[in-house]
Amino acid sequence: MSKLVLRDVVKNYGDFTAVDHVNLSIDEGEFVSLLGPSGCGKTTTLRMIAGFIPPTQGTIEMDGQVLSSPNSSLPPERRQMSMIFQSYAIWPNMTVAENVGFGLKLRKLPAAEVRQRTHEILEVVQMSHLADRYPAELSGGQQQRVALARAIVVKPSVLLLDEPLSNLDANLREEMRFEIRRLHDEFRITTVYVTHDQGEAMVTSDRIAVMSAGRIEQIDAPYTLYNRPKSRFVAGFIGRTNFLEGKLAADKVTFDGFEIDARRFGAAFNGSDGSVRFSVRPQTLKLHSAPLANGAGGCVIGGKIVERSYLGETWDYVVSPNGANLQLRVSTLPSQVHDVGDDIWIEFDPEQMAVIA
Amino acid sequence: MTSTSTTIGELDTRRPAEHTWFRKFLNLEPINLLWLAIFLFLLVLVAAPIGYLIKVSFEETGTGVFTLGNYISAYGRSRYVSGLVNSVLLGLATAAVCVVIAVPMAWAVSRSNMPMKWLAWAVVLGSFILPPYLTAIGWILMAGPNSGWLNWGWMWLTGAESGIFNIYSFTGIVLVIAFNAFPFIFLFTKSALDLISTEMEEAAQILGADTFRTTLKVTLPLVWPSILGGIIIVFLEAIALFGVPALLGIPARINLVTTQLWQFFGYPLRLEVAAAYAMPLLLITLSLIYVQRLLLARKGYVSQSGKGGERRPIDIGGWRWVLLGWCFFIGLLAVFLPAGAIVQASLSKAWGLGMSWDNFTFDHYRAILFEHSLTREAIANSFTFAAGAAFIAISMALCVAYIVTRKLVPGANVLAFLCMAPFVIPGIVLAIGFYAAYASPPLALYGTALLIILAFTARFLPIAYGTSAAGMRSINPEMEEAVRILGGGRLRAIRSVVAPLLKKTLLGGWLLVFIPATRELSAAIFLVAPNTRVMSVLIYDMTEEGRFEVVSALGCIILVSTTFLVWLGFRLVGRDFMLRER
């Protein structure tokens, strides 16, 4: 059974719709990210789950019980959740140990157990040697670990994270995303994670919900999301991509200047003839300096290098197919060197071209 | 509906569809019930006195019938009208003197390489510590006709028959108030100058302007809106001040609004006419504060340049000694001489006899501290009333600041408005309003400590609110949300996190109310009864009787306690204490 369910949740501020009919159900022990650009409603959604904001419409349910509805909203302190804030919100007037033990004390646990569990969790996040320090004496990363420990130690029914890594520098951010996933693998707490960083979402999540303008555009596992985006927004937001527009007629998809046999695409078309849009990742295209021997069913076309930039790990080429008013980004290995103006042959892999709405 | 317990660890299982109102009640936060109580108390504190003031001004004495007669009485005699005119002239003259005193000081501290800048700060701080009525008394001791020290000196030097200084004059009043009020213009100008990048001045210099021209044509015009803001504050201070006009103006028969109001409060009491006569003071203050807000909201042109860039002090050569001399001279007139005269008088058997061992005595201190119950009570009253008012003001202000910054109730801004409203009500007007609202039955608070404590609370509520609101803004709401998501209620969050974090701010705010409340005269003089007199009122009464030695000893107690409290404030809060905004 689903642990946490958002049913048709809407949040309006005056005329502005921050969250627009969101439906989401999260399984026990699942890690779901809400990913989207700023202002897409992801933090509002998270704060509604936490109970800081009541929904304008719809319900939020946990274990089959309604927590939030437009009429009444259970206050956050009675939801058995915990949360990690963008600012960490480590209380500066308490030591690390007092911070971590606070939630346990609120649950009226005996002092010995509070001490014991505080100690254990600080071991887990490798902070036990700093238990008696005050937060002002800690680095950003250490504060982050305290925030994690404080949230996890109470064994919450749901753990909420609101852009927890956005205040850390790049290296630390990289390290902490693995740390967060490690803690999830260890404790299996149902988690909702809000971020605008696709890398974070990809590393940590079981499923990612991509949000835009208050709506969930697509919710899928990271692999599916990247390789089979369903909309132009998702394809463009997660990683880089090329958009191709084609016309489906008979058994062929006709693009600007070339065509591909419709049966070769991995995805089935909706059946109706007409225009079809594709997302083509730059690294699924291949460049050849000579035409391939066996025409490969019309999936290779001639073109020219228009621009190039060397990024160290890859070459980034912009190519223009002959006879087409079209520019495509292609990402290749560093060893594959072409000059601007060179004639080139571009190979498409229809299996990896995602049909988008 | 058997179980209503909602302890931590259980989830509320009722569906929202059933018993909606009941769930709503259960999910209600206790703090929401608090705001209504606060709202009512603020009405008592702020709205009712002003409401009553206006109402009474239209009522016939005794009968309460509507009449315009009070306004006719108040503005029907040329003597009363000239009081208004004199007050406006006083305000303008004082503001002009303050600009002359303070703008060069501010420029020197902010822009030049003048040495010993701390001296300017010491003068400003000293001037804040010295209440206006004590400056006036110090100057009476120095420049009273014939008897004052300066006049003695003049007669000794020239052999003249009489002295040349007379502090009991319009000029005297202007100078004494200016010596107290110039820090406002200093602080306004200094903080605006601090925002101007040196590059602005260098841009003028590279085109050929010298330092003097640059300052006159570029720097000062840039800070003009701030200077004007300071001028408005000084003007309002001057026209609403009671102590100095009463001490220096009444003997000289110079009629001003505040002293005229005081005379309406004499025998027979003409409360209704006083209320009508207080209206211009209220209206002028309201409109000028509004103008000042507009001026400072634009912030001149200064804020446009953002961070302001680097600032280097300008080398002004020998002029830096001239400016330093100016600061020292002002310090002498505004702080060191008057304070010195008071200290000398307080330690003399008779102050006119000058400094000698024969004339030295501690008797006055012994008398006021241990012998006279009148002075002992007044000292105790001052401190307890001030402590009570500071406590109430800061608690109220914190609650309101919390409700406003956390947007707990719709329309919370009304509460903030009520807290800030006394800022535009002159103390003397507020006191008359309190008298009108609460002195007579049914409440009959006249003669009670409560009346004075409430009036002080209302008078200084804006200071308390400003401090509390700044403190609340500095606390990230996530700090509290972290408590709540872990299972603590809002009150718990306040107790465990907000209160400890605001400790210093609140203590600083408490001191900021306590200090002026221990020395407040204009609000107190209309409300005290014989048994609720405070130090400032006693000083005023005894000065009228000419007992300058005892008055000076009381004054010294105020000075010492204020200095100590200011020091304490600096220790607790740091450099920003007192000098931050005002």
# chains A, B, ... in the order shown; residues from 1 in each chain; ligands from 1
>>> closest_atom_pairs(of="chain A", to="chain B", cutoff="6 Å", atoms="only C-alpha atoms", output="JSON lines")
{"residue": "A:Gln65", "atom": "CA", "partner": "B:Thr13", "partner_atom": "CA", "distance": 5.9}
{"residue": "A:Ser72", "atom": "CA", "partner": "B:Lys24", "partner_atom": "CA", "distance": 5.8}
{"residue": "A:Pro76", "atom": "CA", "partner": "B:Ile485", "partner_atom": "CA", "distance": 5.1}
{"residue": "A:Glu77", "atom": "CA", "partner": "B:Gly487", "partner_atom": "CA", "distance": 3.8}
{"residue": "A:Arg78", "atom": "CA", "partner": "B:Gly487", "partner_atom": "CA", "distance": 5.9}
{"residue": "A:Ser82", "atom": "CA", "partner": "B:Ile485", "partner_atom": "CA", "distance": 5.3}
{"residue": "A:Ala89", "atom": "CA", "partner": "B:Met479", "partner_atom": "CA", "distance": 4.6}
{"residue": "A:Gly103", "atom": "CA", "partner": "B:Leu486", "partner_atom": "CA", "distance": 5.2}
>>> residues_around(residues="stretch 525-540 of chain B", least_positions_apart="2", cutoff="8 Å", atoms="only C-alpha atoms", output="JSON, numbers by chain")
{"B": [133, 243, 247, 262, 265, 375, 377, 378, 379, 380, 381, 382, 428, 431, 432, 435, 446, 447, 448, 449, 451, 452, 518, 519, 520, 521, 522, 523, 542, 543, 544, 551, 554, 555]}
>>> atom_distance(atom1="atom CA of B:Leu323", atom2="atom CA of B:Ser110")
12.3 Å
>>> residues_around(residues="stretch 176-191 of chain A", least_positions_apart="6", cutoff="8 Å", atoms="only C-alpha atoms", output="list in words")
Lys3, Ile26, Asp27, Glu28, Gly29, Glu30, Phe31, Val32, Lys155, Pro156, Ser157, Val158, Leu159, Leu160, Leu161, Leu165, Glu200, Val203, Thr204 and Ser205 of chain A
>>> closest_residue(among="B:Trp567, B:Tyr465, B:Tyr71, B:Tyr168", to="B:Gly126", atoms="only C-alpha atoms")
B:Trp567
>>> closest_residue(among="B:Leu408, B:Met142, B:Leu398, B:Leu568", to="B:Leu502", atoms="only C-alpha atoms")
B:Leu398
>>> select_by_dssp(residues="stretch 74-303 of chain A", states="helix (DSSP H, G or I)", output="PyMOL selection string")
chain A and resi 76-78+96-106+111-124+128-130+135-137+140-152+170-187+198-204+222-227+232-237+262-264+282-284+296-298
>>> residues_around(residues="A:Ile49", least_positions_apart="3", cutoff="8 Å", atoms="only C-alpha atoms", output="list in words")
Thr45, Leu46, Phe52, Ile60 and Ser68 of chain A
>>> atom_distance(atom1="atom CA of B:Ala416", atom2="atom CA of B:Arg473")
13.8 Å
>>> atom_distance(atom1="atom CA of A:Glu351", atom2="atom CA of A:Arg232")
18.0 Å
>>> residues_around(residues="B:Leu175", least_positions_apart="5", cutoff="10 Å", atoms="only C-alpha atoms", output="PyMOL selection string")
chain B and resi 90+93-94+97-98+136+139+167+169-170+180-181+333-334
>>> write_last_selection(atoms="N, CA and C atoms", output="compact mmCIF listing (two decimals), in the first residue's frame")
# COMPACT_ATOMS: atom_id res chain seq x y z
N LEU B 90 10.73 78.54 17.28
CA LEU B 90 11.69 77.81 18.09
C LEU B 90 12.18 76.56 17.35
N ALA B 93 14.48 77.62 14.41
CA ALA B 93 15.77 78.14 14.86
C ALA B 93 16.64 77.01 15.40
N THR B 94 16.01 76.13 16.19
CA THR B 94 16.77 75.02 16.76
C THR B 94 17.34 74.13 15.66
N VAL B 97 20.36 75.80 14.05
CA VAL B 97 21.55 75.71 14.89
C VAL B 97 22.12 74.28 14.85
N CYS B 98 21.23 73.31 14.91
CA CYS B 98 21.68 71.91 14.90
C CYS B 98 22.44 71.58 13.62
N ALA B 136 19.55 72.35 30.63
CA ALA B 136 19.01 73.67 30.94
C ALA B 136 19.47 74.12 32.32
N TRP B 139 23.02 75.13 32.34
CA TRP B 139 23.21 76.44 31.72
C TRP B 139 22.67 77.57 32.58
N ILE B 167 20.42 83.29 29.93
CA ILE B 167 19.90 82.03 29.40
C ILE B 167 18.37 82.04 29.37
N SER B 169 16.04 83.33 27.82
CA SER B 169 15.71 84.09 26.61
C SER B 169 15.40 83.11 25.49
N PHE B 170 14.85 83.64 24.45
CA PHE B 170 14.53 82.78 23.30
C PHE B 170 15.81 82.11 22.78
N ASN B 180 21.09 69.54 22.82
CA ASN B 180 20.59 68.20 23.09
C ASN B 180 20.16 67.45 21.84
N ALA B 181 19.76 68.20 20.84
CA ALA B 181 19.10 67.55 19.70
C ALA B 181 20.03 67.36 18.50
N LEU B 333 30.27 73.02 25.26
CA LEU B 333 29.00 73.72 25.48
C LEU B 333 27.86 72.77 25.78
N ALA B 334 27.85 71.62 25.08
CA ALA B 334 26.69 70.75 25.17
C ALA B 334 26.79 69.77 26.32
>>> residues_around(residues="stretch 289-291 of chain A", least_positions_apart="3", cutoff="10 Å", atoms="only C-alpha atoms", output="list of chain:residue names")
A:Asn294, A:Gly295, A:Val300, A:Ile301, A:Gly302, A:Gln336, A:Val337, A:His338, A:Asp342, A:Asp343, A:Ile344, A:Trp345, A:Ile346, A:Glu347
>>> residues_around(residues="A:Ala235", least_positions_apart="5", cutoff="10 Å", atoms="only C-alpha atoms", output="VMD selection string")
chain A and resid 225 to 230 240 to 243 278 to 281 354 356
>>> closest_residue(among="B:Val424, B:Leu256, B:Ala345, B:Leu296", to="B:Arg79", atoms="only C-alpha atoms")
B:Leu256
>>> closest_residue(among="B:Arg571, B:Lys217, B:Arg311, B:Arg459", to="B:Ala393", atoms="only C-alpha atoms")
B:Arg459
>>> decode(residues="stretch 11-64 of chain A", atoms="C-alpha atoms", output="PDB file, in the first residue's frame")
ATOM      1  CA  LYS A  11      -2.565  25.524  -3.834  1.00  0.00           C
ATOM      2  CA  ASN A  12      -3.617  29.007  -4.875  1.00  0.00           C
ATOM      3  CA  TYR A  13      -2.248  32.303  -3.674  1.00  0.00           C
ATOM      4  CA  GLY A  14      -4.836  34.742  -4.859  1.00  0.00           C
ATOM      5  CA  ASP A  15      -4.926  34.357  -8.622  1.00  0.00           C
ATOM      6  CA  PHE A  16      -1.625  32.556  -8.723  1.00  0.00           C
ATOM      7  CA  THR A  17      -1.698  28.779  -8.801  1.00  0.00           C
ATOM      8  CA  ALA A  18       1.447  27.523  -7.119  1.00  0.00           C
ATOM      9  CA  VAL A  19       0.500  23.844  -7.204  1.00  0.00           C
ATOM     10  CA  ASP A  20      -1.878  22.642  -9.863  1.00  0.00           C
ATOM     11  CA  HIS A  21      -3.727  19.333  -9.393  1.00  0.00           C
ATOM     12  CA  VAL A  22      -0.809  17.266  -8.212  1.00  0.00           C
ATOM     13  CA  ASN A  23      -1.321  13.541  -7.789  1.00  0.00           C
ATOM     14  CA  LEU A  24       1.455  11.517  -6.278  1.00  0.00           C
ATOM     15  CA  SER A  25       1.667   8.314  -4.342  1.00  0.00           C
ATOM     16  CA  ILE A  26       4.786   7.186  -2.617  1.00  0.00           C
ATOM     17  CA  ASP A  27       5.438   3.667  -1.342  1.00  0.00           C
ATOM     18  CA  GLU A  28       6.755   2.736   2.055  1.00  0.00           C
ATOM     19  CA  GLY A  29      10.519   3.143   2.068  1.00  0.00           C
ATOM     20  CA  GLU A  30      10.617   4.843  -1.317  1.00  0.00           C
ATOM     21  CA  PHE A  31      12.809   7.827  -2.135  1.00  0.00           C
ATOM     22  CA  VAL A  32      11.054  10.297  -4.425  1.00  0.00           C
ATOM     23  CA  SER A  33      12.453  13.594  -5.650  1.00  0.00           C
ATOM     24  CA  LEU A  34      10.484  16.622  -6.722  1.00  0.00           C
ATOM     25  CA  LEU A  35      12.643  18.184  -9.402  1.00  0.00           C
ATOM     26  CA  GLY A  36      12.043  21.408 -11.222  1.00  0.00           C
ATOM     27  CA  PRO A  37      13.171  24.969 -11.792  1.00  0.00           C
ATOM     28  CA  SER A  38      12.592  27.544  -9.088  1.00  0.00           C
ATOM     29  CA  GLY A  39       8.990  28.621  -8.795  1.00  0.00           C
ATOM     30  CA  CYS A  40       7.614  25.347 -10.107  1.00  0.00           C
ATOM     31  CA  GLY A  41       5.759  24.571  -6.882  1.00  0.00           C
ATOM     32  CA  LYS A  42       8.010  21.836  -5.548  1.00  0.00           C
ATOM     33  CA  THR A  43       8.776  23.498  -2.216  1.00  0.00           C
ATOM     34  CA  THR A  44       5.125  24.469  -1.769  1.00  0.00           C
ATOM     35  CA  THR A  45       4.202  20.832  -2.325  1.00  0.00           C
ATOM     36  CA  LEU A  46       6.754  19.724   0.250  1.00  0.00           C
ATOM     37  CA  ARG A  47       5.547  22.259   2.780  1.00  0.00           C
ATOM     38  CA  MET A  48       1.994  21.072   2.284  1.00  0.00           C
ATOM     39  CA  ILE A  49       3.112  17.530   3.019  1.00  0.00           C
ATOM     40  CA  ALA A  50       4.823  18.835   6.156  1.00  0.00           C
ATOM     41  CA  GLY A  51       1.686  20.677   7.205  1.00  0.00           C
ATOM     42  CA  PHE A  52       3.092  24.195   7.154  1.00  0.00           C
ATOM     43  CA  ILE A  53       0.679  25.153   4.395  1.00  0.00           C
ATOM     44  CA  PRO A  54      -2.874  23.884   3.987  1.00  0.00           C
ATOM     45  CA  PRO A  55      -3.957  22.921   0.458  1.00  0.00           C
ATOM     46  CA  THR A  56      -6.593  24.944  -1.353  1.00  0.00           C
ATOM     47  CA  GLN A  57      -8.006  21.765  -2.817  1.00  0.00           C
ATOM     48  CA  GLY A  58      -7.402  18.032  -2.577  1.00  0.00           C
ATOM     49  CA  THR A  59      -6.123  15.877   0.240  1.00  0.00           C
ATOM     50  CA  ILE A  60      -2.858  14.543   1.560  1.00  0.00           C
ATOM     51  CA  GLU A  61      -3.065  11.139   3.184  1.00  0.00           C
ATOM     52  CA  MET A  62      -0.648   8.986   5.099  1.00  0.00           C
ATOM     53  CA  ASP A  63      -1.292   5.302   5.802  1.00  0.00           C
ATOM     54  CA  GLY A  64      -4.816   5.859   4.551  1.00  0.00           C
TER      55      GLY A  64
END
